[in-house]
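Text of the file final.cif, holding mmCIF, C-alpha atoms:
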```cif
data_protein
loop_
_atom_site.group_PDB
_atom_site.id
_atom_site.type_symbol
_atom_site.label_atom_id
_atom_site.label_comp_id
_atom_site.auth_asym_id
_atom_site.auth_seq_id
_atom_site.Cartn_x
_atom_site.Cartn_y
_atom_site.Cartn_z
ATOM 1 C CA ASN A 1 36.385 70.191 -55.452
ATOM 2 C CA ALA A 2 34.396 70.397 -52.214
ATOM 3 C CA GLY A 3 36.795 72.504 -50.100
ATOM 4 C CA VAL A 4 35.267 73.218 -46.677
ATOM 5 C CA THR A 5 31.781 71.835 -46.111
ATOM 6 C CA GLN A 6 29.597 73.021 -43.250
ATOM 7 C CA THR A 7 26.290 71.545 -42.235
ATOM 8 C CA PRO A 8 23.600 72.539 -41.582
ATOM 9 C CA LYS A 9 23.217 75.918 -43.318
ATOM 10 C CA PHE A 10 20.385 76.983 -41.027
ATOM 11 C CA GLN A 11 19.284 75.794 -37.599
ATOM 12 C CA VAL A 12 16.763 76.903 -34.997
ATOM 13 C CA LEU A 13 17.175 75.665 -31.434
ATOM 14 C CA LYS A 14 15.335 76.142 -28.204
ATOM 15 C CA THR A 15 17.220 77.312 -25.137
ATOM 16 C CA GLY A 16 18.903 74.370 -23.462
ATOM 17 C CA GLN A 17 19.010 72.123 -26.499
ATOM 18 C CA SER A 18 22.282 70.700 -27.712
ATOM 19 C CA MET A 19 23.563 70.302 -31.237
ATOM 20 C CA THR A 20 26.691 69.802 -33.292
ATOM 21 C CA LEU A 21 27.760 71.923 -36.227
ATOM 22 C CA GLN A 22 29.692 69.819 -38.692
ATOM 23 C CA CYS A 23 32.771 70.915 -40.612
ATOM 24 C CA ALA A 24 34.751 68.813 -43.059
ATOM 25 C CA GLN A 25 37.580 69.683 -45.431
ATOM 26 C CA ASP A 26 39.108 67.583 -48.191
ATOM 27 C CA MET A 27 42.339 69.528 -48.680
ATOM 28 C CA ASN A 28 44.393 67.737 -46.015
ATOM 29 C CA HIS A 29 44.744 70.984 -44.071
ATOM 30 C CA GLU A 30 46.385 70.805 -40.675
ATOM 31 C CA TYR A 31 44.717 73.939 -39.335
ATOM 32 C CA MET A 32 40.968 74.206 -38.719
ATOM 33 C CA SER A 33 39.023 76.799 -36.809
ATOM 34 C CA TRP A 34 35.582 78.040 -35.859
ATOM 35 C CA TYR A 35 34.528 81.685 -35.893
ATOM 36 C CA ARG A 36 31.281 83.364 -35.020
ATOM 37 C CA GLN A 37 30.088 86.477 -36.805
ATOM 38 C CA ASP A 38 27.774 88.941 -35.095
ATOM 39 C CA PRO A 39 26.640 92.341 -36.417
ATOM 40 C CA GLY A 40 29.173 95.010 -35.514
ATOM 41 C CA MET A 41 31.523 92.473 -33.918
ATOM 42 C CA GLY A 42 33.366 91.051 -36.907
ATOM 43 C CA LEU A 43 34.615 87.479 -36.752
ATOM 44 C CA ARG A 44 35.604 86.164 -33.353
ATOM 45 C CA LEU A 45 37.568 82.970 -32.905
ATOM 46 C CA ILE A 46 35.892 80.251 -30.840
ATOM 47 C CA HIS A 47 38.280 77.268 -31.043
ATOM 48 C CA TYR A 48 41.009 76.092 -33.345
ATOM 49 C CA SER A 49 43.116 73.022 -34.059
ATOM 50 C CA VAL A 50 46.527 72.525 -35.645
ATOM 51 C CA GLY A 51 46.175 68.794 -36.126
ATOM 52 C CA ALA A 52 44.332 65.666 -35.093
ATOM 53 C CA GLY A 53 44.150 65.404 -31.307
ATOM 54 C CA ILE A 54 45.168 69.055 -30.771
ATOM 55 C CA THR A 55 42.704 71.826 -29.970
ATOM 56 C CA ASP A 56 42.957 75.227 -28.337
ATOM 57 C CA GLN A 57 40.631 77.996 -27.221
ATOM 58 C CA GLY A 58 40.107 81.221 -29.055
ATOM 59 C CA GLU A 59 38.632 84.514 -27.934
ATOM 60 C CA VAL A 60 35.098 83.309 -27.129
ATOM 61 C CA PRO A 61 35.214 79.587 -26.194
ATOM 62 C CA ASN A 62 32.618 79.480 -23.407
ATOM 63 C CA GLY A 63 29.613 77.331 -24.192
ATOM 64 C CA TYR A 64 31.326 75.456 -27.012
ATOM 65 C CA ASN A 65 33.279 72.212 -27.234
ATOM 66 C CA VAL A 66 35.413 70.845 -30.043
ATOM 67 C CA SER A 67 37.388 67.737 -30.812
ATOM 68 C CA ARG A 68 39.627 66.730 -33.710
ATOM 69 C CA SER A 69 39.796 62.989 -34.141
ATOM 70 C CA THR A 70 40.668 63.135 -37.843
ATOM 71 C CA THR A 71 42.428 65.605 -40.110
ATOM 72 C CA GLU A 72 39.258 66.102 -42.135
ATOM 73 C CA ASP A 73 36.635 66.833 -39.471
ATOM 74 C CA PHE A 74 36.296 69.506 -36.804
ATOM 75 C CA PRO A 75 32.796 69.527 -35.241
ATOM 76 C CA LEU A 76 31.609 72.304 -32.932
ATOM 77 C CA ARG A 77 29.294 71.273 -30.101
ATOM 78 C CA LEU A 78 26.836 73.462 -28.261
ATOM 79 C CA LEU A 79 26.015 71.581 -25.063
ATOM 80 C CA SER A 80 23.176 73.799 -23.803
ATOM 81 C CA ALA A 81 22.213 76.473 -26.297
ATOM 82 C CA ALA A 82 21.591 80.024 -25.097
ATOM 83 C CA PRO A 83 20.083 83.010 -26.952
ATOM 84 C CA SER A 84 23.514 84.679 -26.789
ATOM 85 C CA GLN A 85 24.747 81.972 -29.146
ATOM 86 C CA THR A 86 22.496 83.186 -31.929
ATOM 87 C CA SER A 87 25.000 83.965 -34.650
ATOM 88 C CA VAL A 88 26.466 82.951 -37.980
ATOM 89 C CA TYR A 89 29.185 80.355 -37.570
ATOM 90 C CA PHE A 90 32.063 79.828 -39.970
ATOM 91 C CA CYS A 91 34.512 77.002 -40.200
ATOM 92 C CA ALA A 92 37.863 77.777 -41.841
ATOM 93 C CA SER A 93 40.888 75.666 -42.683
ATOM 94 C CA SER A 94 44.398 76.196 -43.939
ATOM 95 C CA SER A 95 47.626 74.410 -44.561
ATOM 96 C CA ILE A 96 50.511 75.137 -42.215
ATOM 97 C CA THR A 97 53.712 75.795 -44.131
ATOM 98 C CA THR A 98 57.114 77.108 -43.138
ATOM 99 C CA GLY A 99 55.503 80.542 -43.105
ATOM 100 C CA GLY A 100 52.768 79.424 -40.766
ATOM 101 C CA ILE A 101 49.059 79.403 -41.346
ATOM 102 C CA GLY A 102 48.403 80.216 -44.960
ATOM 103 C CA LYS A 103 45.342 81.311 -46.840
ATOM 104 C CA LEU A 104 42.141 80.514 -44.955
ATOM 105 C CA PHE A 105 39.462 78.583 -46.799
ATOM 106 C CA PHE A 106 36.015 79.228 -45.374
ATOM 107 C CA GLY A 107 32.860 77.189 -45.354
ATOM 108 C CA SER A 108 29.586 78.799 -46.392
ATOM 109 C CA GLY A 109 28.453 79.380 -42.822
ATOM 110 C CA THR A 110 25.692 78.177 -40.502
ATOM 111 C CA GLN A 111 23.008 80.595 -39.381
ATOM 112 C CA LEU A 112 21.942 79.554 -35.886
ATOM 113 C CA SER A 113 18.996 80.999 -33.981
ATOM 114 C CA VAL A 114 18.398 80.122 -30.345
ATOM 115 C CA LEU A 115 14.920 80.952 -29.070
ATOM 116 C CA ALA B 116 46.879 90.586 -27.536
ATOM 117 C CA GLN B 117 46.836 92.034 -30.984
ATOM 118 C CA THR B 118 43.843 94.083 -32.041
ATOM 119 C CA VAL B 119 42.607 95.175 -35.437
ATOM 120 C CA THR B 120 40.534 98.330 -35.823
ATOM 121 C CA GLN B 121 38.383 99.268 -38.783
ATOM 122 C CA SER B 122 37.090 102.722 -37.994
ATOM 123 C CA GLN B 123 34.572 102.966 -40.855
ATOM 124 C CA PRO B 124 31.531 100.742 -40.242
ATOM 125 C CA GLU B 125 30.027 101.769 -43.587
ATOM 126 C CA MET B 126 31.251 103.416 -46.758
ATOM 127 C CA SER B 127 29.869 104.073 -50.201
ATOM 128 C CA VAL B 128 31.420 104.751 -53.586
ATOM 129 C CA GLN B 129 30.155 105.619 -57.023
ATOM 130 C CA GLU B 130 30.662 103.016 -59.699
ATOM 131 C CA ALA B 131 34.010 103.485 -61.499
ATOM 132 C CA GLU B 132 35.384 105.656 -58.693
ATOM 133 C CA THR B 133 38.113 104.821 -56.170
ATOM 134 C CA VAL B 134 37.551 104.116 -52.496
ATOM 135 C CA THR B 135 39.933 103.485 -49.609
ATOM 136 C CA LEU B 136 39.058 101.378 -46.581
ATOM 137 C CA SER B 137 41.050 101.967 -43.408
ATOM 138 C CA CYS B 138 42.591 99.449 -41.042
ATOM 139 C CA THR B 139 44.928 99.935 -38.120
ATOM 140 C CA TYR B 140 46.376 97.304 -35.837
ATOM 141 C CA ASP B 141 48.148 97.128 -32.550
ATOM 142 C CA THR B 142 51.164 94.890 -32.120
ATOM 143 C CA SER B 143 54.604 94.886 -30.577
ATOM 144 C CA GLU B 144 55.920 92.375 -33.076
ATOM 145 C CA SER B 145 58.037 93.157 -36.101
ATOM 146 C CA ASP B 146 57.088 90.211 -38.287
ATOM 147 C CA TYR B 147 53.492 89.465 -39.169
ATOM 148 C CA TYR B 148 50.982 89.108 -41.984
ATOM 149 C CA LEU B 149 48.030 91.300 -42.885
ATOM 150 C CA PHE B 150 45.002 90.354 -44.934
ATOM 151 C CA TRP B 151 41.875 91.805 -46.474
ATOM 152 C CA TYR B 152 38.893 89.482 -46.853
ATOM 153 C CA LYS B 153 35.705 90.229 -48.768
ATOM 154 C CA GLN B 154 32.284 88.884 -47.769
ATOM 155 C CA PRO B 155 29.605 89.481 -50.429
ATOM 156 C CA PRO B 156 25.892 88.956 -49.723
ATOM 157 C CA SER B 157 26.391 85.262 -50.467
ATOM 158 C CA ARG B 158 28.240 85.153 -47.124
ATOM 159 C CA GLN B 159 31.237 83.376 -48.663
ATOM 160 C CA MET B 160 34.555 84.747 -47.369
ATOM 161 C CA ILE B 161 37.089 85.524 -50.102
ATOM 162 C CA LEU B 162 40.728 86.479 -49.655
ATOM 163 C CA VAL B 163 41.356 89.739 -51.494
ATOM 164 C CA ILE B 164 44.965 90.511 -50.724
ATOM 165 C CA ARG B 165 47.778 89.589 -48.353
ATOM 166 C CA GLN B 166 50.810 91.568 -47.186
ATOM 167 C CA GLU B 167 53.909 90.323 -45.422
ATOM 168 C CA ALA B 168 55.282 92.874 -42.964
ATOM 169 C CA TYR B 169 58.903 92.367 -43.928
ATOM 170 C CA LYS B 170 58.123 93.292 -47.529
ATOM 171 C CA GLN B 171 58.181 97.044 -48.050
ATOM 172 C CA GLN B 172 56.463 96.853 -51.424
ATOM 173 C CA ASN B 173 52.707 97.250 -51.245
ATOM 174 C CA ALA B 174 50.738 94.232 -52.461
ATOM 175 C CA THR B 175 48.417 94.579 -55.442
ATOM 176 C CA GLU B 176 45.821 92.313 -57.003
ATOM 177 C CA ASN B 177 44.282 93.772 -60.145
ATOM 178 C CA ARG B 178 42.051 96.680 -58.997
ATOM 179 C CA PHE B 179 42.877 96.087 -55.339
ATOM 180 C CA SER B 180 45.979 97.532 -53.706
ATOM 181 C CA VAL B 181 47.112 98.274 -50.195
ATOM 182 C CA ASN B 182 48.926 101.141 -48.544
ATOM 183 C CA PHE B 183 51.026 99.492 -45.857
ATOM 184 C CA GLN B 184 52.550 101.918 -43.381
ATOM 185 C CA LYS B 185 54.442 99.765 -40.874
ATOM 186 C CA ALA B 186 55.524 102.554 -38.562
ATOM 187 C CA ALA B 187 51.988 103.883 -38.356
ATOM 188 C CA LYS B 188 50.565 100.332 -38.089
ATOM 189 C CA SER B 189 48.177 101.108 -40.901
ATOM 190 C CA PHE B 190 46.987 98.824 -43.691
ATOM 191 C CA SER B 191 44.404 100.475 -45.948
ATOM 192 C CA LEU B 192 42.755 98.867 -48.966
ATOM 193 C CA LYS B 193 42.243 100.841 -52.154
ATOM 194 C CA ILE B 194 39.691 99.683 -54.689
ATOM 195 C CA SER B 195 40.050 101.328 -58.079
ATOM 196 C CA ASP B 196 37.386 101.502 -60.793
ATOM 197 C CA SER B 197 34.753 100.240 -58.342
ATOM 198 C CA GLN B 198 32.233 97.775 -59.707
ATOM 199 C CA LEU B 199 28.806 96.742 -58.471
ATOM 200 C CA GLY B 200 30.259 93.357 -57.563
ATOM 201 C CA ASP B 201 32.604 95.023 -55.087
ATOM 202 C CA ALA B 202 29.674 95.703 -52.747
ATOM 203 C CA ALA B 203 30.400 93.591 -49.670
ATOM 204 C CA MET B 204 31.681 93.516 -46.112
ATOM 205 C CA TYR B 205 35.444 93.882 -45.990
ATOM 206 C CA PHE B 206 37.439 92.524 -43.094
ATOM 207 C CA CYS B 207 41.005 93.356 -42.216
ATOM 208 C CA ALA B 208 42.953 90.616 -40.413
ATOM 209 C CA TYR B 209 46.311 90.190 -38.689
ATOM 210 C CA ARG B 210 48.425 87.143 -38.006
ATOM 211 C CA SER B 211 51.605 87.020 -35.986
ATOM 212 C CA ALA B 212 54.585 85.367 -37.625
ATOM 213 C CA SER B 213 56.219 84.525 -34.306
ATOM 214 C CA SER B 214 54.541 81.142 -34.297
ATOM 215 C CA GLY B 215 53.308 79.305 -37.333
ATOM 216 C CA ASN B 216 50.182 78.242 -35.495
ATOM 217 C CA THR B 217 48.880 81.650 -34.459
ATOM 218 C CA PRO B 218 45.307 82.198 -35.675
ATOM 219 C CA LEU B 219 44.099 85.252 -37.560
ATOM 220 C CA VAL B 220 42.569 88.166 -35.667
ATOM 221 C CA PHE B 221 39.843 90.029 -37.559
ATOM 222 C CA GLY B 222 38.558 93.564 -37.389
ATOM 223 C CA LYS B 223 34.856 94.360 -37.126
ATOM 224 C CA GLY B 224 34.467 95.001 -40.813
ATOM 225 C CA THR B 225 33.462 97.811 -43.185
ATOM 226 C CA ARG B 226 30.324 97.513 -45.263
ATOM 227 C CA LEU B 227 30.929 98.936 -48.741
ATOM 228 C CA SER B 228 28.047 100.005 -50.950
ATOM 229 C CA VAL B 229 28.571 100.721 -54.651
ATOM 230 C CA ILE B 230 26.206 103.225 -56.225
ATOM 231 C CA ALA B 231 25.368 102.840 -59.907
#
```

Using C-alpha cells, write down the structure from this file.
Amino acid sequence: NAGVTQTPKFQVLKTGQSMTLQCAQDMNHEYMSWYRQDPGMGLRLIHYSVGAGITDQGEVPNGYNVSRSTTEDFPLRLLSAAPSQTSVYFCASSSITTGGIGKLFFGSGTQLSVL
Amino acid sequence: AQTVTQSQPEMSVQEAETVTLSCTYDTSESDYYLFWYKQPPSRQMILVIRQEAYKQQNATENRFSVNFQKAAKSFSLKISDSQLGDAAMYFCAYRSASSGNTPLVFGKGTRLSVIA
C-alpha cells in the first residue's frame, strides 16, 4: 500500500534553477496539498486542490506553481529557485466526505536546499 | 483567518511520567475540528488524535487524551506513561467545518524530549 509518494527525498538547487517536486497518491483522494516546514514556523500551506482541474492558493504561494490534471498527481513547480525556498516540503492528501476534509495522509517529505 | 498557537517550543518529560502540551486557537466559528499530529525523527507525520468541536466529550487514544475547553479555545494534549518513542515534534491543527474544503491550519509545533 503505497499511500502518498513524494520524489525526490533530497534535492540541491542553485539560485534561479527550476524543478518539480512530484506527489502521487493511490487512495483516490479528492484533496491534495503542499506544505513547507521551516524551523520555528510549523507547517505552512502553499497550494491545495480539491479535485482534478481545481487548485487554490494557501498561505505562502509566491514562487510556486501547481496543477492537477489527474486525481492521483499533484506536482509542485519552482520556476526560479531562491534561497528563501530552502525548506522541507510535504505533500498531503485526504478524502472529502460529508464532514469535509478527513484525516490527512502525508508523504515522507522532500528536503530542498537552494544555494 | 484562524490561527493556532503552541506556546511551548520545547518540553521534556521523564519516561513513565505524564506531560501536557498546550494549544490555543483563534476562531469566530462554532463548528470545527482540532487535531494533534506527531512528527518523529523519521519526519513522517502521524495523526495522534482528532476532536470535533460539537462533541463535549474529550477524545482519547490509548495513552493520549485531550482537554478541550471550547469557551477558552484551548486544546491541550496529555501523554500518559511517556515512552521513549513519544519523543517527537507535536503539531496542533485546526480546520473549519463551515466548508468541507477548508484546509488545515497548523501551529508552530512543540518539540518533546523523553528522558530515560

Which residues of range 139-196 of chain B come within 12 Å of range 25-46 of chain A, and what is each one's closest atom pair and distance in Å (one decimal), counting all atoms listed in the file, sorted by chain and residue number, as a tab-separated table?
```
residue	atom	partner	partner_atom	distance
B:Tyr152	CA	A:Leu43	CA	11.2
B:Gln154	CA	A:Gly42	CA	11.1
B:Arg158	CA	A:Gln37	CA	10.6
B:Met160	CA	A:Leu43	CA	11.0
```

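The closest residue to chain B, picked from A:Gln22, A:Ser94, A:Ser113, A:Asn65 and counting all atoms listed in the file, is A:Ser94.
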
Sort by chain and increasing residue number a table of all residues of chain B within 8 Å of chain A, each with its closest pair of atoms and their distance in Å to one decimal, counting all atoms listed in the file, and write it as JSON lines.
```
{"residue": "B:Pro124", "atom": "CA", "partner": "A:Gly40", "partner_atom": "CA", "distance": 7.8}
{"residue": "B:Arg158", "atom": "CA", "partner": "A:Ser108", "partner_atom": "CA", "distance": 6.5}
{"residue": "B:Gln159", "atom": "CA", "partner": "A:Ser108", "partner_atom": "CA", "distance": 5.4}
{"residue": "B:Met160", "atom": "CA", "partner": "A:Phe106", "partner_atom": "CA", "distance": 6.0}
{"residue": "B:Ile161", "atom": "CA", "partner": "A:Phe106", "partner_atom": "CA", "distance": 7.9}
{"residue": "B:Leu162", "atom": "CA", "partner": "A:Lys103", "partner_atom": "CA", "distance": 7.5}
{"residue": "B:Phe206", "atom": "CA", "partner": "A:Gly42", "partner_atom": "CA", "distance": 7.6}
{"residue": "B:Ala212", "atom": "CA", "partner": "A:Gly100", "partner_atom": "CA", "distance": 7.0}
{"residue": "B:Ser214", "atom": "CA", "partner": "A:Gly100", "partner_atom": "CA", "distance": 6.9}
{"residue": "B:Gly215", "atom": "CA", "partner": "A:Gly100", "partner_atom": "CA", "distance": 3.5}
{"residue": "B:Asn216", "atom": "CA", "partner": "A:Gly100", "partner_atom": "CA", "distance": 6.0}
{"residue": "B:Thr217", "atom": "CA", "partner": "A:Ile101", "partner_atom": "CA", "distance": 7.2}
{"residue": "B:Pro218", "atom": "CA", "partner": "A:Ile101", "partner_atom": "CA", "distance": 7.4}
{"residue": "B:Val220", "atom": "CA", "partner": "A:Arg44", "partner_atom": "CA", "distance": 7.6}
{"residue": "B:Phe221", "atom": "CA", "partner": "A:Leu43", "partner_atom": "CA", "distance": 5.9}
{"residue": "B:Gly222", "atom": "CA", "partner": "A:Gly42", "partner_atom": "CA", "distance": 5.8}
{"residue": "B:Lys223", "atom": "CA", "partner": "A:Gly42", "partner_atom": "CA", "distance": 3.6}
{"residue": "B:Gly224", "atom": "CA", "partner": "A:Gly42", "partner_atom": "CA", "distance": 5.7}
```

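The space separating CA of Lys185 in chain B from CA of Cys138 in chain B comes to 11.9 Å.
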
In Å, with one decimal, what is the gap from CA of Leu192 in chain B to CA of Thr133 in chain B? 10.4 Å

Computed interatomic separation between CA of Thr135 in chain B and CA of Arg210 in chain B (Å): 21.8 Å

Extract, using all atoms listed in the file, all DNA, RNA and protein residues at most 9 Å from Ser180 in chain B, discarding same-chain residues fewer than 6 positions from it, and format them as a PyMOL selection string. chain B and resi 164+173-174+191-195

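Those residues that approach Gln17 in chain A to within 8 Å, counting only C-alpha atoms, are Leu79, Ser80 and Ala81 of chain A; same-chain residues fewer than 6 positions away are not listed.
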
Selection result for the PyMOL selection byres ((chain A and resi 9) around 9) on this file, as a ChimeraX atom specification: /A:6-8,10-11,108-112

Local residues around (39.7, 70.2, -23.4), at most 12 Å away, using all atoms listed in the file, as an NGL selection string: :A and (47-49 or 53-57 or 61-62 or 64-68)

Just to be explicit: take each residue in the selection above, keep C-alpha atoms, and write the result as a PDB file, keeping the file's coordinate frame.
```
ATOM      1  CA  HIS A  47      38.280  77.268 -31.043  1.00  0.00           C
ATOM      2  CA  TYR A  48      41.009  76.092 -33.345  1.00  0.00           C
ATOM      3  CA  SER A  49      43.116  73.022 -34.059  1.00  0.00           C
ATOM      4  CA  GLY A  53      44.150  65.404 -31.307  1.00  0.00           C
ATOM      5  CA  ILE A  54      45.168  69.055 -30.771  1.00  0.00           C
ATOM      6  CA  THR A  55      42.704  71.826 -29.970  1.00  0.00           C
ATOM      7  CA  ASP A  56      42.957  75.227 -28.337  1.00  0.00           C
ATOM      8  CA  GLN A  57      40.631  77.996 -27.221  1.00  0.00           C
ATOM      9  CA  PRO A  61      35.214  79.587 -26.194  1.00  0.00           C
ATOM     10  CA  ASN A  62      32.618  79.480 -23.407  1.00  0.00           C
ATOM     11  CA  TYR A  64      31.326  75.456 -27.012  1.00  0.00           C
ATOM     12  CA  ASN A  65      33.279  72.212 -27.234  1.00  0.00           C
ATOM     13  CA  VAL A  66      35.413  70.845 -30.043  1.00  0.00           C
ATOM     14  CA  SER A  67      37.388  67.737 -30.812  1.00  0.00           C
ATOM     15  CA  ARG A  68      39.627  66.730 -33.710  1.00  0.00           C
TER      16      ARG A  68
END
```

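When the PyMOL selection byres ((chain B and resi 231) around 12) is evaluated against the file, it yields Ser127, Val128, Gln129, Glu130, Ala131, Glu132, Ser197, Gln198, Leu199, Gly200, Asp201, Ala202, Ser228, Val229 and Ile230 of chain B.
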
Go ahead and write the residues just picked, C-alpha atoms, as an mmCIF file, keeping the file's coordinate frame.
```
data_model
loop_
_atom_site.group_PDB
_atom_site.id
_atom_site.type_symbol
_atom_site.label_atom_id
_atom_site.label_comp_id
_atom_site.auth_asym_id
_atom_site.auth_seq_id
_atom_site.Cartn_x
_atom_site.Cartn_y
_atom_site.Cartn_z
ATOM 1 C CA SER B 127 29.869 104.073 -50.201
ATOM 2 C CA VAL B 128 31.420 104.751 -53.586
ATOM 3 C CA GLN B 129 30.155 105.619 -57.023
ATOM 4 C CA GLU B 130 30.662 103.016 -59.699
ATOM 5 C CA ALA B 131 34.010 103.485 -61.499
ATOM 6 C CA GLU B 132 35.384 105.656 -58.693
ATOM 7 C CA SER B 197 34.753 100.240 -58.342
ATOM 8 C CA GLN B 198 32.233 97.775 -59.707
ATOM 9 C CA LEU B 199 28.806 96.742 -58.471
ATOM 10 C CA GLY B 200 30.259 93.357 -57.563
ATOM 11 C CA ASP B 201 32.604 95.023 -55.087
ATOM 12 C CA ALA B 202 29.674 95.703 -52.747
ATOM 13 C CA SER B 228 28.047 100.005 -50.950
ATOM 14 C CA VAL B 229 28.571 100.721 -54.651
ATOM 15 C CA ILE B 230 26.206 103.225 -56.225
#
```

So which residues touch Ala82 in chain A within 10 Å, counting only C-alpha atoms, skipping near sequence neighbours fewer than 6 positions away, as an NGL selection string? :A and (13-18 or 63 or 113-115)

For Phe150 in chain B, list every protein, DNA or RNA residue within 7 Å, evaluated using all atoms listed in the file, and leave out those in the same chain fewer than 5 positions away; present the list as a PyMOL selection string. chain B and resi 164-166+207-209

Between B:Asp141, B:Ser122, B:Leu149, B:Met204, which has the minimum distance to Leu227 in chain B (counting all atoms listed in the file)? B:Met204

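With distances taken from (50.9, 93.8, -38.4) and restricted to all atoms listed in the file, the residues inside 9 Å are Gln117, Val119, Thr139, Tyr140, Asp141, Thr142, Ser143, Glu144, Ser145, Asp146, Tyr147, Tyr148, Leu149, Glu167, Ala168, Lys185, Lys188, Ser189, Phe190, Ala208, Tyr209, Arg210 and Ser211 of chain B.
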